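Trainee: Structure provided below as structure tokens; questions to follow.
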Amino acid sequence: MHLDHAGTFPHRHSHSAAPLRADGSRRALRIGLGGPVGSGKTATVAALCRALRAEFSMAVVTNDIYTREDAEFLLREAVLPPERIAAVETGACPHTAIRDDISANLEAVEELEDAIGPLDLVLVESGGDNLTATFSRGLVDAQIFVIDVAGGDDIPRKGGPGVTTADLLIVNKTDLAPYVGSDLDRMARDAAEQRGELPVAFQSLRGPQGVAPVADWVRGNLAAWSAR
């Protein structure tokens, strides 16, 4: 049974940021990526950058509690020029910087847009968190939540706002399912029960499709954003 979690979990919908900047130009579409530690958020960000960088002007903001490790990984992988990657050290629970006090992330996004010029897309990666991780709508326009099969095939059934309300749920590392005893069909059924019509992408970055379905979802959001 799908439980009504209203009032149980923190509400993520603050006032959405205006689509236009102060000078009247359209700001970048902001997509947040959250999920537990080790679920593959940074690898997904890197893959999206490789897939989309030739089509769109884009940048990335990463969040770590005490380090800049995720940003340094993206820099080593050269997924974007260095000036398009910014790091936020939250110094506290990742919830704080993506939902409660979003000022550091907003400043990082705005500094990227000011320094580089008009951007089409900014990916904002949360630090590793739990199933309650959600982004303020004042920070991002859409949220991706990443889980992985090694975390247990019961995660979609357990729900939580990350799983139930994210605009896209990624079930990552599907190539590991036979080795960790995860039932992908069960995860698909549970995710559908929890999410209703909201989309779910089963992803293996080592497989032939890789990040392509998620990149197509991002392209669709960019097309809708441009038409606003």
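Naming scheme: A, B, ... for chains in displayed order of the structure tokens; residues 1 onward per chain; ligands 1 onward as shown.
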Extract the full set of strand (DSSP E) residues from range 73-223 of chain A according to DSSP on the backbone, and format it as a list in words.

Mentor: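 Put together, the selection reads Ile85, Ala86, Ala87, Val88, Glu89, Leu121, Val122, Leu123, Val124, Glu125, Ala142, Gln143, Ile144, Phe145, Val146, Ile147, Asp148, Leu168, Leu169, Ile170, Val171, Asn172, Val200, Ala201, Phe202 and Gln203 of chain A.
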
Trainee: Find the residues around range 220-228 of chain A up to 9 Å (only C-alpha atoms counted), leave out those fewer than 4 positions away in its own chain, and share them as a PyMOL selection string.

Mentor: chain A and resi 19+26+28-29+120-121+142+215-216

Trainee: Only C-alpha atoms, please: the residues just picked out, written as a tab-separated table (two decimals), in the first residue's frame.

Mentor:
```tsv
chain	number	residue	atom	x	y	z
A	19	PRO	CA	13.14	31.80	-14.79
A	26	ARG	CA	16.70	33.41	-19.20
A	28	ALA	CA	20.00	28.16	-16.77
A	29	LEU	CA	17.79	25.19	-16.02
A	120	ASP	CA	21.66	26.30	-20.64
A	121	LEU	CA	22.05	23.84	-17.77
A	142	ALA	CA	13.87	19.41	-11.20
A	215	ALA	CA	20.40	12.34	-20.96
A	216	ASP	CA	17.23	12.16	-23.09
```

Trainee: What is the distance, in Å and to one decimal place, between CA of Arg195 in chain A and CA of Phe145 in chain A?

Mentor: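 CA of Arg195 in chain A sits 12.1 Å away from CA of Phe145 in chain A.
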
Trainee: Would you kindly return, as a list in words, each protein, DNA or RNA residue with an atom no farther than 7 Å from any atom of range 150-156 of chain A, considering only C-alpha atoms and excluding same-chain residues fewer than 6 positions away?

Mentor: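 Returned residues: Val163, Val180, Ser182, Asp183, Met187, Asp190 and Ala191 of chain A.
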
Trainee: Could you save the residues just selected, with N, CA and C atoms, as a PDB file, in the first residue's frame?

Mentor:
```pdb
ATOM      1  N   VAL A 163      12.773   9.058  -2.941  1.00  0.00           N
ATOM      2  CA  VAL A 163      12.261   8.041  -3.857  1.00  0.00           C
ATOM      3  C   VAL A 163      10.897   8.425  -4.410  1.00  0.00           C
ATOM      4  N   VAL A 180      24.646  -9.194  -6.194  1.00  0.00           N
ATOM      5  CA  VAL A 180      24.243  -8.745  -4.857  1.00  0.00           C
ATOM      6  C   VAL A 180      22.837  -9.238  -4.498  1.00  0.00           C
ATOM      7  N   SER A 182      19.887  -8.684  -5.991  1.00  0.00           N
ATOM      8  CA  SER A 182      18.787  -7.729  -6.133  1.00  0.00           C
ATOM      9  C   SER A 182      17.884  -8.128  -7.292  1.00  0.00           C
ATOM     10  N   ASP A 183      16.586  -8.060  -7.059  1.00  0.00           N
ATOM     11  CA  ASP A 183      15.567  -8.419  -8.045  1.00  0.00           C
ATOM     12  C   ASP A 183      15.098  -7.143  -8.736  1.00  0.00           C
ATOM     13  N   MET A 187      12.120  -4.326  -7.888  1.00  0.00           N
ATOM     14  CA  MET A 187      12.396  -2.902  -7.709  1.00  0.00           C
ATOM     15  C   MET A 187      11.523  -2.059  -8.630  1.00  0.00           C
ATOM     16  N   ASP A 190       7.925  -2.066  -7.141  1.00  0.00           N
ATOM     17  CA  ASP A 190       7.845  -1.241  -5.933  1.00  0.00           C
ATOM     18  C   ASP A 190       7.971   0.237  -6.266  1.00  0.00           C
ATOM     19  N   ALA A 191       8.871   0.566  -7.196  1.00  0.00           N
ATOM     20  CA  ALA A 191       9.049   1.969  -7.577  1.00  0.00           C
ATOM     21  C   ALA A 191       7.777   2.514  -8.219  1.00  0.00           C
TER      22      ALA A 191
END
```

Trainee: Quick one: residues within 12 Å of Ala17 in chain A, only C-alpha atoms, excluding same-chain residues fewer than 6 positions away - as a compact mmCIF listing (two decimals) with all heavy atoms, in the first residue's frame?

Mentor:
```txt
# COMPACT_ATOMS: atom_id res chain seq x y z
N ARG A 26 17.16 34.65 -19.83
CA ARG A 26 16.70 33.41 -19.20
C ARG A 26 17.88 32.75 -18.48
O ARG A 26 18.95 32.58 -19.05
CB ARG A 26 16.14 32.45 -20.25
CG ARG A 26 15.58 31.16 -19.64
CD ARG A 26 14.86 30.33 -20.68
NE ARG A 26 13.71 31.03 -21.20
CZ ARG A 26 12.52 31.07 -20.60
NH1 ARG A 26 12.34 30.44 -19.45
NH2 ARG A 26 11.53 31.74 -21.13
N ARG A 27 17.67 32.38 -17.23
CA ARG A 27 18.73 31.70 -16.49
C ARG A 27 18.79 30.25 -16.90
O ARG A 27 17.92 29.72 -17.61
CB ARG A 27 18.50 31.82 -14.99
CG ARG A 27 17.26 31.12 -14.48
CD ARG A 27 17.28 31.01 -12.96
NE ARG A 27 16.04 30.46 -12.43
CZ ARG A 27 15.75 29.18 -12.40
NH1 ARG A 27 16.59 28.30 -12.89
NH2 ARG A 27 14.61 28.76 -11.88
N ALA A 28 19.83 29.58 -16.46
CA ALA A 28 20.00 28.16 -16.77
C ALA A 28 18.95 27.32 -16.06
O ALA A 28 18.50 27.64 -14.95
CB ALA A 28 21.39 27.71 -16.34
N LEU A 29 18.57 26.22 -16.70
CA LEU A 29 17.79 25.19 -16.02
C LEU A 29 18.69 24.54 -14.98
O LEU A 29 19.83 24.18 -15.26
CB LEU A 29 17.32 24.14 -17.03
CG LEU A 29 16.60 22.92 -16.46
CD1 LEU A 29 15.22 23.31 -15.95
CD2 LEU A 29 16.49 21.82 -17.51
N ARG A 30 18.16 24.37 -13.76
CA ARG A 30 18.94 23.75 -12.69
C ARG A 30 18.34 22.41 -12.33
O ARG A 30 17.15 22.32 -12.00
CB ARG A 30 18.95 24.65 -11.45
CG ARG A 30 19.44 26.08 -11.69
CD ARG A 30 19.19 26.91 -10.46
NE ARG A 30 19.40 28.34 -10.67
CZ ARG A 30 18.88 29.28 -9.92
NH1 ARG A 30 18.10 28.96 -8.89
NH2 ARG A 30 19.12 30.56 -10.18
N ILE A 102 19.95 27.45 1.26
CA ILE A 102 20.49 27.19 -0.08
C ILE A 102 21.41 28.30 -0.57
O ILE A 102 21.84 28.28 -1.72
CB ILE A 102 19.35 26.98 -1.09
CG1 ILE A 102 18.47 28.24 -1.19
CG2 ILE A 102 18.53 25.76 -0.70
CD1 ILE A 102 17.40 28.16 -2.26
N LEU A 106 23.18 28.71 -4.26
CA LEU A 106 22.69 29.76 -5.16
C LEU A 106 23.83 30.69 -5.57
O LEU A 106 23.94 31.09 -6.74
CB LEU A 106 21.58 30.56 -4.48
CG LEU A 106 20.17 29.98 -4.52
CD1 LEU A 106 19.22 30.89 -3.77
CD2 LEU A 106 19.71 29.75 -5.95
N SER A 136 15.38 22.18 -2.35
CA SER A 136 14.45 23.30 -2.38
C SER A 136 14.14 23.67 -3.82
O SER A 136 15.03 23.68 -4.68
CB SER A 136 15.06 24.51 -1.68
OG SER A 136 14.33 25.69 -1.98
N ARG A 137 12.88 23.97 -4.11
CA ARG A 137 12.51 24.44 -5.43
C ARG A 137 13.04 25.85 -5.69
O ARG A 137 13.02 26.33 -6.83
CB ARG A 137 11.00 24.42 -5.61
CG ARG A 137 10.44 23.02 -5.81
CD ARG A 137 10.90 22.41 -7.11
NE ARG A 137 10.23 21.15 -7.38
CZ ARG A 137 10.46 20.38 -8.43
NH1 ARG A 137 11.37 20.73 -9.31
NH2 ARG A 137 9.82 19.24 -8.59
N GLY A 138 13.53 26.49 -4.65
CA GLY A 138 14.21 27.76 -4.86
C GLY A 138 15.61 27.58 -5.41
O GLY A 138 16.23 28.53 -5.89
N LEU A 139 16.14 26.34 -5.34
CA LEU A 139 17.48 26.06 -5.84
C LEU A 139 17.45 25.36 -7.19
O LEU A 139 18.19 25.72 -8.10
CB LEU A 139 18.24 25.19 -4.83
CG LEU A 139 19.63 24.69 -5.24
CD1 LEU A 139 20.56 25.87 -5.55
CD2 LEU A 139 20.23 23.81 -4.15
N VAL A 140 16.62 24.32 -7.33
CA VAL A 140 16.58 23.56 -8.58
C VAL A 140 15.17 23.53 -9.15
O VAL A 140 14.18 23.70 -8.43
CB VAL A 140 17.11 22.13 -8.40
CG1 VAL A 140 18.54 22.14 -7.87
CG2 VAL A 140 16.19 21.30 -7.51
N ASP A 141 15.10 23.30 -10.44
CA ASP A 141 13.82 23.23 -11.14
C ASP A 141 13.32 21.79 -11.26
O ASP A 141 12.13 21.57 -11.48
CB ASP A 141 13.96 23.84 -12.53
CG ASP A 141 14.53 25.25 -12.46
OD1 ASP A 141 13.84 26.14 -11.94
OD2 ASP A 141 15.68 25.46 -12.91
N ALA A 142 14.22 20.83 -11.16
CA ALA A 142 13.87 19.41 -11.20
C ALA A 142 14.90 18.64 -10.39
O ALA A 142 16.05 19.07 -10.27
CB ALA A 142 13.80 18.90 -12.64
```

Trainee: From a DSSP pass on the backbone, collect the residues of range 11-213 of chain A flagged as alpha helix (DSSP H) and hand them back as a ChimeraX atom specification.

Mentor: /A:41-52,69-77,94-95,103-116,155-158,161-165,177-180,184-195,212-213

Trainee: With a distance cut-off of 6 Å and only C-alpha atoms, select the neighbouring residues of range 53-61 of chain A, excluding the residue or stretch itself and same-chain residues fewer than 4 positions from it, and output the selection as a PyMOL selection string.

Mentor: chain A and resi 49+84-87+119-124

Trainee: Do a neighbour search on Ser126 in chain A at 9 Å with only C-alpha atoms, toss out local chain neighbours closer than 3 positions, and write the hits as a tab-separated table (two decimals) with N, CA, C and O atoms, in the first residue's frame.

Mentor:
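Generated file (around37.tsv):
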```tsv
chain	number	residue	atom	x	y	z
A	32	GLY	N	18.94	19.09	-9.84
A	32	GLY	CA	19.65	18.57	-8.68
A	32	GLY	C	19.73	17.06	-8.72
A	32	GLY	O	18.79	16.39	-9.15
A	33	LEU	N	20.85	16.54	-8.26
A	33	LEU	CA	21.02	15.08	-8.15
A	33	LEU	C	21.33	14.75	-6.69
A	33	LEU	O	22.32	15.23	-6.13
A	34	GLY	N	20.49	13.95	-6.08
A	34	GLY	CA	20.69	13.53	-4.70
A	34	GLY	C	20.66	12.02	-4.60
A	34	GLY	O	20.35	11.32	-5.57
A	35	GLY	N	20.98	11.51	-3.42
A	35	GLY	CA	20.95	10.07	-3.19
A	35	GLY	C	21.97	9.66	-2.16
A	35	GLY	O	22.82	10.44	-1.74
A	41	LYS	N	26.10	9.10	-7.88
A	41	LYS	CA	25.70	10.46	-8.30
A	41	LYS	C	26.79	11.12	-9.14
A	41	LYS	O	26.53	11.66	-10.21
A	61	VAL	N	27.79	22.20	-10.03
A	61	VAL	CA	28.11	22.56	-8.64
A	61	VAL	C	28.03	21.28	-7.82
A	61	VAL	O	27.01	20.59	-7.83
A	62	THR	N	29.12	20.93	-7.13
A	62	THR	CA	29.11	19.76	-6.26
A	62	THR	C	29.04	20.19	-4.81
A	62	THR	O	29.44	21.30	-4.45
A	63	ASN	N	28.53	19.30	-3.97
A	63	ASN	CA	28.46	19.53	-2.53
A	63	ASN	C	29.14	18.38	-1.79
A	63	ASN	O	28.81	17.21	-2.01
A	64	ASP	N	30.10	18.69	-0.95
A	64	ASP	CA	30.69	17.73	-0.01
A	64	ASP	C	30.70	18.40	1.36
A	64	ASP	O	30.72	19.63	1.47
A	94	PRO	N	24.09	17.42	4.39
A	94	PRO	CA	23.79	17.94	3.05
A	94	PRO	C	22.41	18.56	2.92
A	94	PRO	O	22.20	19.44	2.09
A	95	HIS	N	21.44	18.10	3.74
A	95	HIS	CA	20.11	18.72	3.70
A	95	HIS	C	20.21	20.23	3.85
A	95	HIS	O	19.47	20.98	3.22
A	97	ALA	N	22.35	22.48	2.93
A	97	ALA	CA	22.77	23.30	1.79
A	97	ALA	C	21.87	23.15	0.57
A	97	ALA	O	21.91	24.00	-0.31
A	98	ILE	N	21.08	22.08	0.49
A	98	ILE	CA	20.24	21.91	-0.69
A	98	ILE	C	18.76	22.18	-0.42
A	98	ILE	O	17.99	22.39	-1.35
A	129	ASP	N	23.55	11.41	0.98
A	129	ASP	CA	22.56	11.58	2.04
A	129	ASP	C	21.65	10.37	2.06
A	129	ASP	O	21.90	9.38	1.39
A	133	ALA	N	16.54	13.02	1.41
A	133	ALA	CA	17.21	14.14	0.77
A	133	ALA	C	16.35	14.72	-0.34
A	133	ALA	O	15.97	14.01	-1.28
A	135	PHE	N	15.66	18.63	-2.63
A	135	PHE	CA	16.15	19.98	-2.95
A	135	PHE	C	15.03	21.00	-2.81
A	135	PHE	O	13.88	20.73	-3.15
```

Trainee: Could you check the closest approach to Leu176 in chain A for each of A:Val88, A:Ala212, A:Ile65, A:Leu205 and tell me which residue wins, using only C-alpha atoms?

Mentor: A:Leu205

Trainee: Just how far from CA of Leu198 in chain A is CA of Ala71 in chain A, in Å to one decimal?

Mentor: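 Distance between the two atoms: 29.5 Å.
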
Trainee: Can you work out the spacing between CA of Asn172 in chain A and CA of Asn130 in chain A in Å, to one decimal?

Mentor: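 Between these atoms lies a distance of 15.4 Å.
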